[in-house]
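Q: You'll find query-v1.cif just under this line, and it carries mmCIF, C-alpha atoms.
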```
data_model
#
loop_
_atom_site.label_atom_id
_atom_site.label_comp_id
_atom_site.auth_asym_id
_atom_site.auth_seq_id
_atom_site.Cartn_x
_atom_site.Cartn_y
_atom_site.Cartn_z
CA MET A 1 56.19 208.96 3.36
CA TYR A 2 54.88 206.42 5.83
CA LYS A 3 56.88 203.67 7.49
CA VAL A 4 54.87 200.46 7.60
CA GLY A 5 55.89 197.47 9.70
CA ARG A 6 55.17 194.04 8.27
CA THR A 7 55.14 190.90 10.42
CA GLY A 8 53.50 187.57 11.20
CA ASN A 9 54.18 184.35 13.05
CA PHE A 10 56.09 181.36 11.69
CA ASP A 11 54.51 179.86 8.55
CA SER A 12 51.76 182.48 8.48
CA GLY A 13 52.71 183.46 4.95
CA TYR A 14 53.86 186.94 5.94
CA GLY A 15 56.71 186.68 3.44
CA ASP A 16 54.25 185.89 0.63
CA VAL A 17 52.15 188.89 1.61
CA ALA A 18 55.26 191.13 1.63
CA ASP A 19 56.02 189.87 -1.89
CA ALA A 20 52.48 190.83 -2.93
CA PHE A 21 53.05 194.40 -1.73
CA GLU A 22 56.38 194.50 -3.55
CA MET A 23 54.66 193.43 -6.77
CA LYS A 24 52.49 196.53 -6.39
CA GLY A 25 55.62 198.69 -6.41
CA VAL A 26 56.00 199.08 -2.65
CA PRO A 27 59.68 199.02 -1.55
CA VAL A 28 60.23 196.26 1.03
CA PHE A 29 63.15 196.27 3.46
CA ASP A 30 63.71 192.66 4.57
CA SER A 31 65.22 193.27 8.00
CA ASP A 32 65.63 189.56 8.73
CA LEU A 33 67.77 189.15 5.62
CA VAL A 34 69.67 192.39 6.21
CA LEU A 35 70.44 191.31 9.78
CA LYS A 36 71.89 188.02 8.55
CA PHE A 37 74.03 189.89 6.03
CA MET A 38 75.28 192.35 8.65
CA ILE A 39 76.22 189.56 11.04
CA ASN A 40 78.10 187.47 8.49
CA TYR A 41 79.42 189.85 5.84
CA SER A 42 79.56 193.44 7.11
CA GLU A 43 83.14 194.04 8.26
CA SER A 44 82.18 196.85 10.63
CA THR A 45 79.43 194.74 12.24
CA ILE A 46 81.71 191.70 12.53
CA GLU A 47 84.35 193.77 14.32
CA LYS A 48 81.72 195.15 16.71
CA MET A 49 80.44 191.65 17.37
CA LYS A 50 83.90 190.30 18.11
CA SER A 51 84.60 193.23 20.42
CA LYS A 52 81.36 192.60 22.32
CA PHE A 53 81.15 188.79 22.39
CA GLY A 54 84.72 187.63 21.66
CA THR A 55 86.52 186.53 18.50
CA SER A 56 85.54 182.88 19.00
CA ILE A 57 81.92 183.58 18.00
CA TYR A 58 82.94 183.23 14.33
CA ARG A 59 83.85 179.95 12.70
CA GLN A 60 85.05 179.70 9.13
CA GLY A 61 83.97 183.30 8.56
CA LEU A 62 80.38 182.84 9.75
CA LEU A 63 78.72 183.47 13.08
CA ASP A 64 78.56 180.36 15.25
CA MET A 65 74.85 180.33 16.09
CA LYS A 66 75.43 177.66 18.74
CA ARG A 67 76.83 180.46 20.88
CA PHE A 68 73.40 182.11 20.81
CA GLU A 69 71.11 179.12 21.24
CA SER A 70 69.77 180.29 24.57
CA GLU A 71 66.96 182.84 24.50
CA SER A 72 68.89 185.26 26.70
CA GLU A 73 71.98 185.22 24.48
CA MET A 74 69.89 185.73 21.34
CA GLU A 75 68.16 188.66 23.04
CA ARG A 76 71.56 190.19 23.80
CA LEU A 77 72.60 189.79 20.17
CA LEU A 78 69.44 191.36 18.78
CA ASP A 79 69.49 194.22 21.26
CA TYR A 80 73.10 194.97 20.40
CA LEU A 81 72.43 195.19 16.65
CA GLN A 82 69.00 196.80 16.73
CA LEU A 83 70.20 200.40 16.40
CA ASP A 84 72.48 199.55 13.46
CA LEU A 85 69.62 197.71 11.77
CA MET A 86 67.30 200.71 12.07
CA LYS A 87 70.02 203.03 10.77
CA SER A 88 70.34 200.78 7.71
CA TYR A 89 66.60 200.99 7.17
CA GLU A 90 66.57 204.78 7.40
CA LYS A 91 69.49 205.03 4.97
CA TRP A 92 67.69 202.71 2.55
CA ARG A 93 64.39 204.55 3.00
CA VAL A 94 65.88 207.84 1.78
CA LYS A 95 66.23 206.26 -1.68
CA HIS A 96 62.46 205.77 -1.85
CA LEU A 97 61.09 209.12 -0.68
CA ASN A 98 59.03 209.35 -3.85
CA LYS A 99 56.90 206.40 -2.70
CA PRO A 100 53.78 206.76 -0.52
CA TYR A 101 55.23 204.26 1.95
CA THR A 102 57.88 201.63 2.49
CA ILE A 103 57.58 198.31 4.30
CA PHE A 104 59.88 197.20 7.10
CA LYS A 105 59.53 193.42 7.11
CA SER A 106 60.48 191.77 10.41
CA SER A 107 59.60 188.53 12.15
CA ILE A 108 60.34 190.17 15.53
CA LEU A 109 58.66 193.53 15.00
CA PHE A 110 56.57 193.45 18.18
CA GLU A 111 58.99 191.31 20.17
CA LYS A 112 61.68 194.03 19.92
CA ASP A 113 59.24 196.98 20.01
CA LEU A 114 60.24 197.98 16.48
CA ASN A 115 56.58 198.76 15.84
CA GLN A 116 57.11 201.94 17.88
CA SER A 117 59.09 203.35 14.95
CA MET A 118 56.35 202.63 12.40
CA ASN A 119 53.32 204.64 11.32
CA PHE A 120 51.28 201.50 10.68
CA VAL A 121 51.70 197.77 11.19
CA ILE A 122 50.37 194.97 8.99
CA THR A 123 50.20 191.45 10.40
CA THR A 124 49.47 188.23 8.57
CA TYR A 125 47.21 185.93 10.57
CA ARG A 126 46.97 182.20 10.08
CA PRO A 127 45.54 179.98 12.86
CA LYS A 128 48.14 178.05 14.83
CA VAL A 129 46.33 174.75 14.27
CA ASP A 130 46.66 175.17 10.47
CA ARG A 131 50.29 176.23 10.71
CA ARG A 132 51.07 173.23 12.89
CA LYS A 133 49.57 170.83 10.31
CA ASP A 134 51.49 172.41 7.44
CA ILE A 135 54.82 172.37 9.26
CA GLN A 136 54.32 168.73 10.19
CA SER A 137 53.47 167.69 6.62
CA LEU A 138 56.27 169.71 5.02
CA THR A 139 59.12 169.01 7.45
CA HIS A 140 58.15 165.80 9.29
CA LEU A 141 59.52 167.35 12.47
CA PRO A 142 58.46 165.70 15.74
CA TYR A 143 55.28 167.12 17.23
CA SER A 144 57.21 168.24 20.32
CA LYS A 145 59.68 170.24 18.21
CA ILE A 146 56.90 171.96 16.30
CA SER A 147 55.16 172.77 19.58
CA ASP A 148 58.38 174.31 20.92
CA ILE A 149 58.61 176.57 17.86
CA LEU A 150 54.99 177.71 17.92
CA ASP A 151 54.54 177.94 21.69
CA ASN A 152 57.54 180.26 22.01
CA GLU A 153 56.00 182.77 19.63
CA MET A 154 54.19 185.91 20.66
CA ASP A 155 50.49 185.13 20.83
CA GLU A 156 48.91 185.70 17.41
CA ASP A 157 45.82 187.35 18.90
CA LYS A 158 48.01 189.89 20.67
CA LYS A 159 49.79 190.65 17.41
CA ASN A 160 46.44 191.18 15.73
CA GLU A 161 45.32 193.56 18.48
CA LYS A 162 48.52 195.59 18.18
CA SER A 163 48.27 195.86 14.38
CA ASP A 164 46.52 198.46 12.27
CA TYR A 165 45.74 195.96 9.52
CA VAL A 166 45.44 192.16 9.61
CA ILE A 167 45.76 190.07 6.45
CA HIS A 168 43.91 186.76 6.94
CA ASN A 169 45.62 183.87 5.18
CA TYR A 170 43.61 180.70 5.73
CA PHE A 171 44.40 178.78 2.55
CA ARG A 172 48.11 179.17 2.02
CA PHE A 173 48.73 175.89 0.18
CA SER A 174 45.52 175.66 -1.84
CA LYS A 175 44.13 177.54 -4.81
CA GLY A 176 42.23 179.64 -2.32
CA GLY A 177 45.58 180.97 -1.11
CA VAL A 178 45.26 183.90 -3.49
CA ASN A 179 42.48 185.19 -1.26
CA PHE A 180 44.93 187.46 0.57
CA LEU A 181 45.67 189.42 -2.63
CA ASN A 182 42.34 191.24 -2.42
CA GLN A 183 43.16 192.17 1.16
CA VAL A 184 46.58 193.44 0.07
CA ASP A 185 44.89 195.60 -2.59
CA ARG A 186 42.56 197.09 0.00
CA VAL A 187 45.28 197.83 2.57
CA HIS A 188 47.57 199.25 -0.10
CA ASP A 189 44.83 201.61 -1.31
CA LEU A 190 44.06 202.73 2.25
CA ILE A 191 47.67 203.51 3.18
CA THR A 192 48.37 205.18 -0.17
CA SER A 193 45.28 207.34 0.25
CA LYS A 194 46.35 208.36 3.77
CA SER A 195 49.84 209.17 2.51
CA ASN A 196 48.47 211.33 -0.29
CA MET A 197 46.22 213.16 2.17
CA MET A 198 49.19 213.80 4.43
CA CYS A 199 51.17 215.24 1.50
CA ASP A 200 48.23 217.48 0.55
CA ASP A 201 48.02 218.74 4.13
CA LEU A 202 51.73 219.50 4.19
CA ILE A 203 51.52 221.37 0.89
CA GLY A 204 48.52 223.34 2.15
CA PHE A 205 50.33 224.15 5.39
CA ALA A 206 53.37 225.41 3.47
#
```
Would you mind writing the structure in this file as structure tokens?
A:
Amino acid sequence: MYKVGRTGNFDSGYGDVADAFEMKGVPVFDSDLVLKFMINYSESTIEKMKSKFGTSIYRQGLLDMKRFESESEMERLLDYLQLDLMKSYEKWRVKHLNKPYTIFKSSILFEKDLNQSMNFVITTYRPKVDRRKDIQSLTHLPYSKISDILDNEMDEDKKNEKSDYVIHNYFRFSKGGVNFLNQVDRVHDLITSKSNMMCDDLIGFA
């Protein structure tokens, strides 16, 4: 069974694309969500966090994110929990060994080199200029704030170059937004076919 990384920049629609794969029966491990759960509700993780960063990092039972506002502190936090996160994924993945592949969904897949643990990587691409317009119209955030968010991302072209498959999502908020579903079908068929070929090779080898 293949391990497939799934990522994309902010407001690229990479979550929508992950949902499309899930609708096709592909198990999706939402690492961003799992990480939030571990930090705030896993007793073993909370104790490790307190031991590493001090008991004051929690307020009213939840992690005080103000303590990790700086990029360096957030990096320390993510690095510290990365191994536990991957162990959770592997434990979850065992439950789906009958599937051709599972998806590891992460917004920081390349940033934390998690792609090194994957057989393939799928990225959702949406031009920054379009994402900027959508964020501005939906949130009314100041232009400078939006620029800070987008300019601190890993360059989208670099993500595309590092990926095995790129889902182009140019029309997220229009009727044309369904255009990525055909791409999902194609990528799903390709990975499933490769997985089946690998299984046939293993059976032949045995």
Q: Would you write out, as JSON lines, a table of all residues in range 110-205 of chain A that have an atom no more than 8 Å from an atom of range 82-105 of chain A, listing for each the closest atom pair and the distance in Å to one decimal, considering all atoms listed in the file and ordering rows by chain and rising residue number?
A:
```
{"residue": "A:Ile191", "atom": "CA", "partner": "A:Tyr101", "partner_atom": "CA", "distance": 7.7}
{"residue": "A:Thr192", "atom": "CA", "partner": "A:Pro100", "partner_atom": "CA", "distance": 5.6}
{"residue": "A:Ser195", "atom": "CA", "partner": "A:Pro100", "partner_atom": "CA", "distance": 5.5}
{"residue": "A:Asn196", "atom": "CA", "partner": "A:Pro100", "partner_atom": "CA", "distance": 7.0}
```
Q: Report, in Å with one decimal, the straight-line distance from CA of Lys162 in chain A to CA of Val121 in chain A.
A: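 Answer for the CA of Lys162 in chain A to CA of Val121 in chain A separation: 8.0 Å.
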Q: Work out how far apart CA of Met197 in chain A and CA of Met1 in chain A are and give it in Å to one decimal.
A: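 Atom-to-atom, CA of Met197 in chain A and CA of Met1 in chain A are spaced 10.9 Å apart.
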Q: Taking only C-alpha atoms into account, name the residue in A:Ser107, A:Ser56, A:Thr139, A:Ser163 that is nearest to Phe120 in chain A.
A: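 Answer, going by the shortest atom-to-atom distance: A:Ser163.
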Q: Choose the residue, out of A:Val17, A:Val34, A:Val166, A:Leu63, that has the smallest atom-to-atom separation from Glu47 in chain A; count all atoms listed in the file.
A: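 Under the stated criterion, the closest residue is A:Leu63.
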Q: If you measure from CA of Leu33 in chain A to CA of Ser70 in chain A, what distance in Å do you get, rounded to one decimal?
A: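 These two atoms are separated by 21.0 Å.
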Q: Can you list, as a PyMOL selection string, the residues that the PyMOL selection byres ((chain A and resi 188) around 12) selects here?
A: chain A and resi 2+4+17-18+20-26+100-103+120+122+165+167+181-187+189-195
Q: Take the PyMOL selection byres ((chain A and resi 132-135) around 12), run it mentally on this structure, and tell me the resulting residues as an mmCIF file with C-alpha atoms, keeping the file's coordinate frame.
A:
```
data_model
loop_
_atom_site.group_PDB
_atom_site.id
_atom_site.type_symbol
_atom_site.label_atom_id
_atom_site.label_comp_id
_atom_site.auth_asym_id
_atom_site.auth_seq_id
_atom_site.Cartn_x
_atom_site.Cartn_y
_atom_site.Cartn_z
ATOM 1 C CA ASN A 9 54.180 184.350 13.050
ATOM 2 C CA PHE A 10 56.090 181.360 11.690
ATOM 3 C CA ASP A 11 54.510 179.860 8.550
ATOM 4 C CA SER A 12 51.760 182.480 8.480
ATOM 5 C CA GLY A 13 52.710 183.460 4.950
ATOM 6 C CA ARG A 126 46.970 182.200 10.080
ATOM 7 C CA PRO A 127 45.540 179.980 12.860
ATOM 8 C CA LYS A 128 48.140 178.050 14.830
ATOM 9 C CA VAL A 129 46.330 174.750 14.270
ATOM 10 C CA ASP A 130 46.660 175.170 10.470
ATOM 11 C CA ARG A 131 50.290 176.230 10.710
ATOM 12 C CA GLN A 136 54.320 168.730 10.190
ATOM 13 C CA SER A 137 53.470 167.690 6.620
ATOM 14 C CA LEU A 138 56.270 169.710 5.020
ATOM 15 C CA THR A 139 59.120 169.010 7.450
ATOM 16 C CA HIS A 140 58.150 165.800 9.290
ATOM 17 C CA LEU A 141 59.520 167.350 12.470
ATOM 18 C CA PRO A 142 58.460 165.700 15.740
ATOM 19 C CA TYR A 143 55.280 167.120 17.230
ATOM 20 C CA SER A 144 57.210 168.240 20.320
ATOM 21 C CA LYS A 145 59.680 170.240 18.210
ATOM 22 C CA ILE A 146 56.900 171.960 16.300
ATOM 23 C CA SER A 147 55.160 172.770 19.580
ATOM 24 C CA ASP A 148 58.380 174.310 20.920
ATOM 25 C CA ILE A 149 58.610 176.570 17.860
ATOM 26 C CA LEU A 150 54.990 177.710 17.920
ATOM 27 C CA ASP A 151 54.540 177.940 21.690
ATOM 28 C CA TYR A 170 43.610 180.700 5.730
ATOM 29 C CA PHE A 171 44.400 178.780 2.550
ATOM 30 C CA ARG A 172 48.110 179.170 2.020
ATOM 31 C CA PHE A 173 48.730 175.890 0.180
ATOM 32 C CA SER A 174 45.520 175.660 -1.840
#
```
Q: Taking only C-alpha atoms into account, name the residue in A:Asp79, A:Met154, A:Met198, A:Tyr125 that is nearest to Glu111 in chain A.
A: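 Ranking A:Asp79, A:Met154, A:Met198, A:Tyr125 by distance to Glu111 in chain A, first place goes to A:Met154.
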Q: Give me the residues near Leu77 in chain A as a PyMOL selection string, where near means some atom within 9 Å (using all atoms listed in the file) and where sequence neighbours in that chain fewer than 4 positions away do not count.
A: chain A and resi 49+53+68+72-73+81-82
Q: Find the axis-aligned box for range 84-99 of chain A, covering all its listed atoms and adding 4 Å on each side, and write its centre and edge lengths in Å to one decimal as AutoDock Vina command-line options.
A:
```
--center_x 64.7 --center_y 203.5 --center_z 4.8 --size_x 23.6 --size_y 19.6 --size_z 25.3
```
Q: Rank nothing, just name the residue among A:Tyr14, A:Tyr80, A:Lys3, A:Asp19 nearest to Ile39 in chain A, using only C-alpha atoms.
A: A:Tyr80
Q: Please determine, counting all atoms listed in the file, which residue among A:Lys36, A:Lys66, A:Lys159, A:Lys50 has the shortest atom-to-atom distance to Thr123 in chain A.
A: A:Lys159
Q: Could you check the closest approach to Met38 in chain A for each of A:Leu78, A:Asn115, A:Leu109, A:Gly54 and tell me which residue wins, using all atoms listed in the file?
A: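 Of all the options, A:Leu78 lies closest to Met38 in chain A.
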Q: Output range 35-54 of chain A as an mmCIF file, in the frame of the given file, making sure N, CA and C atoms are there.
A:
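Result file result.cif:
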```cif
data_model
loop_
_atom_site.group_PDB
_atom_site.id
_atom_site.type_symbol
_atom_site.label_atom_id
_atom_site.label_comp_id
_atom_site.auth_asym_id
_atom_site.auth_seq_id
_atom_site.Cartn_x
_atom_site.Cartn_y
_atom_site.Cartn_z
ATOM 1 N N LEU A 35 69.770 191.649 8.523
ATOM 2 C CA LEU A 35 70.440 191.310 9.780
ATOM 3 C C LEU A 35 71.421 190.162 9.580
ATOM 4 N N LYS A 36 71.002 189.149 8.833
ATOM 5 C CA LYS A 36 71.890 188.020 8.550
ATOM 6 C C LYS A 36 73.117 188.473 7.769
ATOM 7 N N PHE A 37 72.908 189.372 6.813
ATOM 8 C CA PHE A 37 74.030 189.890 6.030
ATOM 9 C C PHE A 37 74.987 190.680 6.919
ATOM 10 N N MET A 38 74.442 191.544 7.760
ATOM 11 C CA MET A 38 75.280 192.350 8.650
ATOM 12 C C MET A 38 76.137 191.460 9.536
ATOM 13 N N ILE A 39 75.525 190.433 10.103
ATOM 14 C CA ILE A 39 76.220 189.560 11.040
ATOM 15 C C ILE A 39 77.358 188.786 10.383
ATOM 16 N N ASN A 40 77.142 188.365 9.125
ATOM 17 C CA ASN A 40 78.100 187.470 8.490
ATOM 18 C C ASN A 40 79.020 188.122 7.461
ATOM 19 N N TYR A 41 78.635 189.299 6.943
ATOM 20 C CA TYR A 41 79.420 189.850 5.840
ATOM 21 C C TYR A 41 79.808 191.320 5.984
ATOM 22 N N SER A 42 79.201 192.039 6.907
ATOM 23 C CA SER A 42 79.560 193.440 7.110
ATOM 24 C C SER A 42 80.792 193.508 8.016
ATOM 25 N N GLU A 43 81.897 194.010 7.496
ATOM 26 C CA GLU A 43 83.140 194.040 8.260
ATOM 27 C C GLU A 43 82.999 194.863 9.544
ATOM 28 N N SER A 44 82.324 196.002 9.444
ATOM 29 C CA SER A 44 82.180 196.850 10.630
ATOM 30 C C SER A 44 81.334 196.148 11.702
ATOM 31 N N THR A 45 80.277 195.457 11.278
ATOM 32 C CA THR A 45 79.430 194.740 12.240
ATOM 33 C C THR A 45 80.189 193.570 12.858
ATOM 34 N N ILE A 46 80.934 192.847 12.038
ATOM 35 C CA ILE A 46 81.710 191.700 12.530
ATOM 36 C C ILE A 46 82.716 192.141 13.585
ATOM 37 N N GLU A 47 83.377 193.270 13.345
ATOM 38 C CA GLU A 47 84.350 193.770 14.320
ATOM 39 C C GLU A 47 83.665 194.166 15.627
ATOM 40 N N LYS A 48 82.478 194.771 15.510
ATOM 41 C CA LYS A 48 81.720 195.150 16.710
ATOM 42 C C LYS A 48 81.295 193.906 17.488
ATOM 43 N N MET A 49 80.882 192.893 16.743
ATOM 44 C CA MET A 49 80.440 191.650 17.370
ATOM 45 C C MET A 49 81.586 190.979 18.111
ATOM 46 N N LYS A 50 82.737 190.935 17.487
ATOM 47 C CA LYS A 50 83.900 190.300 18.110
ATOM 48 C C LYS A 50 84.323 191.066 19.358
ATOM 49 N N SER A 51 84.228 192.392 19.277
ATOM 50 C CA SER A 51 84.600 193.230 20.420
ATOM 51 C C SER A 51 83.653 192.999 21.599
ATOM 52 N N LYS A 52 82.367 192.763 21.277
ATOM 53 C CA LYS A 52 81.360 192.600 22.320
ATOM 54 C C LYS A 52 81.318 191.177 22.870
ATOM 55 N N PHE A 53 81.377 190.180 21.981
ATOM 56 C CA PHE A 53 81.150 188.790 22.390
ATOM 57 C C PHE A 53 82.391 187.901 22.311
ATOM 58 N N GLY A 54 83.505 188.430 21.773
ATOM 59 C CA GLY A 54 84.720 187.630 21.660
ATOM 60 C C GLY A 54 84.934 187.116 20.240
#
```
